[in-house]
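Here is my_file-v8.cif, consisting of mmCIF, C-alpha atoms:
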data_coords
loop_
_atom_site.group_PDB
_atom_site.id
_atom_site.type_symbol
_atom_site.label_atom_id
_atom_site.label_comp_id
_atom_site.auth_asym_id
_atom_site.auth_seq_id
_atom_site.Cartn_x
_atom_site.Cartn_y
_atom_site.Cartn_z
ATOM 1 C CA MET A 1 -22.355 21.610 23.597
ATOM 2 C CA MET A 2 -21.573 21.459 19.899
ATOM 3 C CA GLU A 3 -20.278 18.162 18.566
ATOM 4 C CA ASN A 4 -17.369 18.509 16.145
ATOM 5 C CA TYR A 5 -17.554 14.957 14.837
ATOM 6 C CA PHE A 6 -20.009 13.056 12.614
ATOM 7 C CA ALA A 7 -21.978 10.024 13.779
ATOM 8 C CA HIS A 8 -24.542 8.332 11.544
ATOM 9 C CA GLU A 9 -28.042 8.289 13.050
ATOM 10 C CA THR A 10 -27.745 4.530 13.746
ATOM 11 C CA VAL A 11 -24.617 4.928 15.904
ATOM 12 C CA CYS A 12 -24.845 4.450 19.683
ATOM 13 C CA ILE A 13 -22.461 6.669 21.640
ATOM 14 C CA ASP A 14 -22.668 6.219 25.395
ATOM 15 C CA GLU A 15 -22.448 9.281 27.600
ATOM 16 C CA GLY A 16 -18.872 9.731 28.790
ATOM 17 C CA ALA A 17 -17.147 8.679 25.567
ATOM 18 C CA ALA A 18 -14.551 11.167 24.266
ATOM 19 C CA ILE A 19 -14.504 11.720 20.490
ATOM 20 C CA GLY A 20 -12.106 14.096 18.743
ATOM 21 C CA ASN A 21 -12.829 16.791 16.183
ATOM 22 C CA GLY A 22 -13.340 15.694 12.602
ATOM 23 C CA THR A 23 -13.921 12.025 13.439
ATOM 24 C CA ARG A 24 -16.572 10.168 11.418
ATOM 25 C CA ILE A 25 -18.440 7.143 12.753
ATOM 26 C CA TRP A 26 -20.612 5.130 10.386
ATOM 27 C CA HIS A 27 -23.674 2.856 10.518
ATOM 28 C CA PHE A 28 -24.479 0.580 13.466
ATOM 29 C CA SER A 29 -21.321 1.310 15.449
ATOM 30 C CA HIS A 30 -21.214 1.461 19.260
ATOM 31 C CA VAL A 31 -18.834 3.569 21.360
ATOM 32 C CA MET A 32 -18.889 2.701 25.075
ATOM 33 C CA ARG A 33 -18.667 5.075 28.056
ATOM 34 C CA GLY A 34 -15.014 5.926 28.733
ATOM 35 C CA ALA A 35 -13.752 5.165 25.216
ATOM 36 C CA GLN A 36 -11.196 7.632 23.879
ATOM 37 C CA ILE A 37 -11.149 8.363 20.139
ATOM 38 C CA GLY A 38 -8.808 10.971 18.678
ATOM 39 C CA GLU A 39 -9.238 13.551 15.930
ATOM 40 C CA ASP A 40 -9.896 12.895 12.233
ATOM 41 C CA CYS A 41 -10.553 9.166 12.670
ATOM 42 C CA VAL A 42 -12.872 7.078 10.489
ATOM 43 C CA LEU A 43 -14.792 4.193 12.044
ATOM 44 C CA GLY A 44 -16.595 2.089 9.454
ATOM 45 C CA GLN A 45 -19.857 0.218 9.715
ATOM 46 C CA ASN A 46 -20.444 -2.020 12.751
ATOM 47 C CA VAL A 47 -17.377 -0.972 14.759
ATOM 48 C CA TYR A 48 -17.408 -1.511 18.528
ATOM 49 C CA VAL A 49 -15.130 0.534 20.822
ATOM 50 C CA GLY A 50 -14.781 -0.633 24.425
ATOM 51 C CA GLY A 51 -14.861 1.759 27.360
ATOM 52 C CA LYS A 52 -11.167 1.268 28.129
ATOM 53 C CA ALA A 53 -9.982 1.354 24.513
ATOM 54 C CA ILE A 54 -7.763 4.191 23.333
ATOM 55 C CA ILE A 55 -7.688 5.278 19.696
ATOM 56 C CA GLY A 56 -5.238 7.957 18.548
ATOM 57 C CA ASN A 57 -5.554 10.559 15.797
ATOM 58 C CA ARG A 58 -6.152 9.820 12.092
ATOM 59 C CA VAL A 59 -6.890 6.140 12.769
ATOM 60 C CA LYS A 60 -8.947 4.270 10.159
ATOM 61 C CA ILE A 61 -10.973 1.279 11.320
ATOM 62 C CA GLN A 62 -12.776 -0.579 8.567
ATOM 63 C CA ASN A 63 -16.110 -2.436 8.876
ATOM 64 C CA ASN A 64 -16.815 -5.126 11.469
ATOM 65 C CA VAL A 65 -13.951 -4.513 13.907
ATOM 66 C CA SER A 66 -14.234 -4.656 17.712
ATOM 67 C CA VAL A 67 -11.658 -2.594 19.597
ATOM 68 C CA TYR A 68 -11.973 -4.118 23.069
ATOM 69 C CA ASP A 69 -10.836 -2.847 26.456
ATOM 70 C CA ALA A 70 -7.022 -2.825 26.814
ATOM 71 C CA VAL A 71 -6.469 -2.197 23.085
ATOM 72 C CA VAL A 72 -4.436 0.922 22.264
ATOM 73 C CA LEU A 73 -4.221 2.148 18.669
ATOM 74 C CA GLU A 74 -1.669 4.939 18.310
ATOM 75 C CA ASP A 75 -1.850 7.693 15.667
ATOM 76 C CA ASP A 76 -2.229 6.804 11.963
ATOM 77 C CA VAL A 77 -3.062 3.112 12.515
ATOM 78 C CA PHE A 78 -5.091 1.278 9.837
ATOM 79 C CA CYS A 79 -7.322 -1.660 10.813
ATOM 80 C CA GLY A 80 -8.589 -3.671 7.846
ATOM 81 C CA PRO A 81 -12.109 -5.100 7.617
ATOM 82 C CA GLY A 82 -12.879 -7.820 10.130
ATOM 83 C CA CYS A 83 -9.525 -7.750 11.901
ATOM 84 C CA VAL A 84 -9.729 -9.213 15.390
ATOM 85 C CA PHE A 85 -8.388 -7.987 18.715
ATOM 86 C CA THR A 86 -8.593 -10.070 21.893
ATOM 87 C CA ASN A 87 -8.035 -9.120 25.522
ATOM 88 C CA VAL A 88 -8.050 -12.404 27.490
ATOM 89 C CA VAL A 89 -5.629 -15.291 26.886
ATOM 90 C CA ASN A 90 -7.874 -18.085 28.150
ATOM 91 C CA PRO A 91 -11.522 -16.950 27.987
ATOM 92 C CA ARG A 92 -14.372 -18.970 29.431
ATOM 93 C CA ALA A 93 -17.998 -17.878 29.401
ATOM 94 C CA PHE A 94 -18.429 -18.891 33.035
ATOM 95 C CA VAL A 95 -15.159 -17.419 34.428
ATOM 96 C CA GLU A 96 -14.850 -13.654 35.018
ATOM 97 C CA ARG A 97 -11.408 -12.477 33.849
ATOM 98 C CA LYS A 98 -11.777 -8.707 33.390
ATOM 99 C CA ALA A 99 -8.944 -8.149 35.882
ATOM 100 C CA GLU A 100 -6.673 -10.202 33.607
ATOM 101 C CA TYR A 101 -6.995 -8.167 30.395
ATOM 102 C CA ARG A 102 -3.658 -7.835 28.612
ATOM 103 C CA GLU A 103 -2.827 -4.672 26.728
ATOM 104 C CA THR A 104 -2.455 -4.919 22.976
ATOM 105 C CA ARG A 105 -0.662 -1.899 21.510
ATOM 106 C CA VAL A 106 -0.519 -1.030 17.824
ATOM 107 C CA MET A 107 2.106 1.661 17.398
ATOM 108 C CA GLN A 108 2.085 4.667 15.093
ATOM 109 C CA GLY A 109 1.458 4.081 11.411
ATOM 110 C CA ALA A 110 1.062 0.294 11.604
ATOM 111 C CA THR A 111 -1.406 -1.604 9.393
ATOM 112 C CA ILE A 112 -3.475 -4.621 10.401
ATOM 113 C CA GLY A 113 -4.745 -6.470 7.308
ATOM 114 C CA ALA A 114 -8.271 -7.737 6.703
ATOM 115 C CA ASN A 115 -9.273 -10.659 8.935
ATOM 116 C CA ALA A 116 -5.926 -10.675 10.767
ATOM 117 C CA THR A 117 -6.035 -11.702 14.437
ATOM 118 C CA LEU A 118 -3.905 -10.246 17.231
ATOM 119 C CA VAL A 119 -3.631 -12.381 20.361
ATOM 120 C CA CYS A 120 -3.764 -10.081 23.379
ATOM 121 C CA GLY A 121 -0.598 -8.839 25.010
ATOM 122 C CA VAL A 122 1.354 -8.158 21.820
ATOM 123 C CA THR A 123 2.884 -4.902 20.630
ATOM 124 C CA ILE A 124 2.932 -4.116 16.912
ATOM 125 C CA GLY A 125 5.891 -1.842 16.123
ATOM 126 C CA ARG A 126 5.748 1.471 14.282
ATOM 127 C CA TYR A 127 4.827 1.183 10.576
ATOM 128 C CA ALA A 128 4.688 -2.618 10.692
ATOM 129 C CA MET A 129 2.407 -4.360 8.186
ATOM 130 C CA ILE A 130 0.329 -7.361 9.252
ATOM 131 C CA GLY A 131 -0.885 -9.275 6.189
ATOM 132 C CA ALA A 132 -4.507 -10.251 5.611
ATOM 133 C CA GLY A 133 -5.513 -13.311 7.615
ATOM 134 C CA ALA A 134 -2.300 -13.452 9.658
ATOM 135 C CA VAL A 135 -2.415 -14.543 13.302
ATOM 136 C CA VAL A 136 -0.030 -12.521 15.471
ATOM 137 C CA THR A 137 1.031 -14.359 18.636
ATOM 138 C CA ARG A 138 4.143 -12.338 19.610
ATOM 139 C CA ASP A 139 5.540 -8.811 19.402
ATOM 140 C CA VAL A 140 6.297 -7.390 15.957
ATOM 141 C CA LYS A 141 9.325 -5.219 15.134
ATOM 142 C CA PRO A 142 8.893 -1.753 13.639
ATOM 143 C CA PHE A 143 8.613 -1.830 9.810
ATOM 144 C CA ALA A 144 8.269 -5.650 9.783
ATOM 145 C CA LEU A 145 6.093 -7.377 7.174
ATOM 146 C CA MET A 146 4.274 -10.261 8.882
ATOM 147 C CA VAL A 147 2.254 -13.000 7.160
ATOM 148 C CA GLY A 148 0.858 -16.446 7.882
ATOM 149 C CA ILE A 149 -0.452 -18.542 10.752
ATOM 150 C CA PRO A 150 1.255 -18.008 13.079
ATOM 151 C CA ALA A 151 2.580 -14.762 11.624
ATOM 152 C CA ARG A 152 6.249 -14.792 10.614
ATOM 153 C CA GLN A 153 8.366 -11.948 9.288
ATOM 154 C CA LYS A 154 8.635 -12.041 5.512
ATOM 155 C CA GLY A 155 10.538 -8.782 5.029
ATOM 156 C CA TRP A 156 10.466 -5.066 5.708
ATOM 157 C CA VAL A 157 8.164 -2.242 4.622
ATOM 158 C CA SER A 158 8.693 1.496 4.408
ATOM 159 C CA ARG A 159 6.619 4.173 6.136
ATOM 160 C CA SER A 160 4.515 4.378 2.962
ATOM 161 C CA GLY A 161 3.866 0.617 3.098
ATOM 162 C CA ALA A 162 6.050 -0.429 0.149
ATOM 163 C CA VAL A 163 7.989 -3.690 0.444
ATOM 164 C CA LEU A 164 11.714 -2.965 0.701
ATOM 165 C CA GLY A 165 14.272 -4.777 -1.411
ATOM 166 C CA ASP A 166 17.814 -5.702 -0.411
ATOM 167 C CA ASP A 167 18.916 -2.074 -0.900
ATOM 168 C CA LEU A 168 16.453 -0.965 1.820
ATOM 169 C CA VAL A 169 15.291 1.994 -0.290
ATOM 170 C CA CYS A 170 11.573 2.715 -0.582
ATOM 171 C CA PRO A 171 10.598 2.278 -4.253
ATOM 172 C CA GLU A 172 7.808 4.848 -3.844
ATOM 173 C CA THR A 173 9.515 7.676 -1.940
ATOM 174 C CA GLY A 174 13.262 7.017 -2.147
ATOM 175 C CA GLU A 175 13.450 7.040 1.642
ATOM 176 C CA LYS A 176 16.489 5.055 2.852
ATOM 177 C CA TYR A 177 16.668 2.582 5.714
ATOM 178 C CA ARG A 178 19.368 0.558 7.488
ATOM 179 C CA LEU A 179 19.481 -2.479 9.740
ATOM 180 C CA ILE A 180 21.084 -2.036 13.152
ATOM 181 C CA ASN A 181 20.972 -4.968 15.589
ATOM 182 C CA HIS A 182 18.173 -6.638 13.583
ATOM 183 C CA GLN A 183 16.038 -3.469 13.758
ATOM 184 C CA LEU A 184 15.146 -1.319 10.750
ATOM 185 C CA GLU A 185 15.721 2.422 11.067
ATOM 186 C CA ILE A 186 15.192 5.371 8.756
ATOM 187 C CA ILE A 187 18.448 7.023 7.699
ATOM 188 C CA ALA A 188 18.208 10.703 8.626
ATOM 189 C CA GLY A 189 18.486 12.843 5.761
#

Please go through the file and, once you have read it, give me the structure as C-alpha cells.
Amino acid sequence: MMENYFAHETVCIDEGAAIGNGTRIWHFSHVMRGAQIGEDCVLGQNVYVGGKAIIGNRVKIQNNVSVYDAVVLEDDVFCGPGCVFTNVVNPRAFVERKAEYRETRVMQGATIGANATLVCGVTIGRYAMIGAGAVVTRDVKPFALMVGIPARQKGWVSRSGAVLGDDLVCPETGEKYRLINHQLEIIAG
C-alpha cells in the first residue's frame, strides 16, 4: 500500500492509525493506533496523537503538543507550540479514570496560542482566538478573542484572525460582522 503522507524517519506511527493524503509529520512524533488525522495537516516536532483523538483537514500543530484521547480538532485549526490539552478533570496517578475522559472540541478555524491550556470538556467556537499562555476553563464563543488566566473575552476576531473594532469590519479583508444575542455572525454578502 502506498503512503500518501510524509513522516520523518524518527516518527512512530502505530499500525491502525489513519493519516490523510498530503499530511506531514516531523521529528520524534508518535501517532497511536486508532488516531484519525485528516488531509494536508502539519504536525511539528515531538507531537503526540492519542488513539481516540480526531484531527480534521489542514490542521497545523506546532512543536511539543500532545493531542490526547477525547480531543477533537476540526478543519483548519492551528495549535501553537506547547499548547496543552487535558482529558481528565481530577487526575491521580493511582486512580484509573479513562472512562471519565471529557471531550474537548476545537471548532473549525480556531487558533490556540503558544503555551495556552485547555481544561477538558470545553468547546472552542469557530474562528475563536486563544491568546498565548491563556488558560481556558469554559466554553468559548465563535470569533471570540480570549486572553489571561483564567481566559476572559477581550474582543472579537475575524475569520482571518484580525482584531475587530467597534465597526465589526475586518481591517484585512473588509468582511463585515454583526452581533446578534451576544454572538458574532458574518453578514452574508

Discussion item. Once the PyMOL selection byres ((chain A and resi 40-49) around 9) is applied to the coordinates I shared, what remains selected? I want it as a VMD selection string.
Written reply: chain A and resid 5 11 20 to 32 35 to 39 50 to 69 76 81

Discussion item. On this structure, the PyMOL selection byres ((chain A and resi 154) around 12) would catch which residues? List them as a list in words, sorted by chain and number.
Written reply: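 This file, filtered by the PyMOL selection byres ((chain A and resi 154) around 12), leaves Ala128, Met129, Ile130, Gly131, Ala134, Val140, Lys141, Phe143, Ala144, Leu145, Met146, Val147, Gly148, Ala151, Arg152, Gln153, Gly155, Trp156, Val157, Val163, Leu164 and Gly165 of chain A.
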
Worksheet item: Closest to A:Gly133 among A:Gly109, A:Gly121, A:Gly161, A:Pro150, using all atoms listed in the file?
Response: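 Under the stated criterion, the closest residue is A:Pro150.
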
Worksheet, complete the sentence: note - atom CA of A:Glu175 and atom CA of A:Tyr127 are separated by 13.7 Å

Worksheet entry | Result set, the PyMOL selection byres ((chain A and resi 116) around 7) on current file, as a VMD selection string | chain A and resid 83 to 84 112 to 115 117 to 118 131 to 135

Practice prompt. Take atom CA of A:Pro91 and atom CA of A:Arg105 and report the distance between them in Å, one decimal.
Written response: 19.7 Å

Worksheet item: What does the distance between atom CA of A:Cys120 and atom CA of A:Glu100 come to in Å, to one decimal place?
Response: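 Calculated distance between atom CA of A:Cys120 and atom CA of A:Glu100 is 10.6 Å.
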
Item to complete: Within 7 Å of A:Val106, counting only C-alpha atoms, which residues show up once you throw out same-chain ones fewer than 6 positions away? Write them as a ChimeraX atom specification, please.
Response: /A:72-74,123-125

Item to complete: Have a look at A:Ala70, A:Val77, A:Val89, A:Ala7 and name the one nearest to A:Thr104; count only C-alpha atoms.
Response: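 Among the listed residues, the smallest separation from A:Thr104 belongs to A:Ala70.
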
Can you pull out the residues contacting A:Glu172? Cut-off 9 Å, using all atoms listed in the file, and skip same-chain residues under 5 positions away; I want them as an mmCIF file with C-alpha atoms, in the coordinates of the input.
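File out.cif, as written:
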data_model
loop_
_atom_site.group_PDB
_atom_site.id
_atom_site.type_symbol
_atom_site.label_atom_id
_atom_site.label_comp_id
_atom_site.auth_asym_id
_atom_site.auth_seq_id
_atom_site.Cartn_x
_atom_site.Cartn_y
_atom_site.Cartn_z
ATOM 1 C CA SER A 158 8.693 1.496 4.408
ATOM 2 C CA SER A 160 4.515 4.378 2.962
ATOM 3 C CA ALA A 162 6.050 -0.429 0.149
#

Kindly provide, as JSON, the centre and edge lengths (Å, one decimal) of an axis-aligned box around all atoms of stretch 47-52 of chain A given in the file, with 8 Å on each side.
{"center_x": -14.3, "center_y": 0.1, "center_z": 21.4, "size_x": 22.2, "size_y": 19.3, "size_z": 29.4}
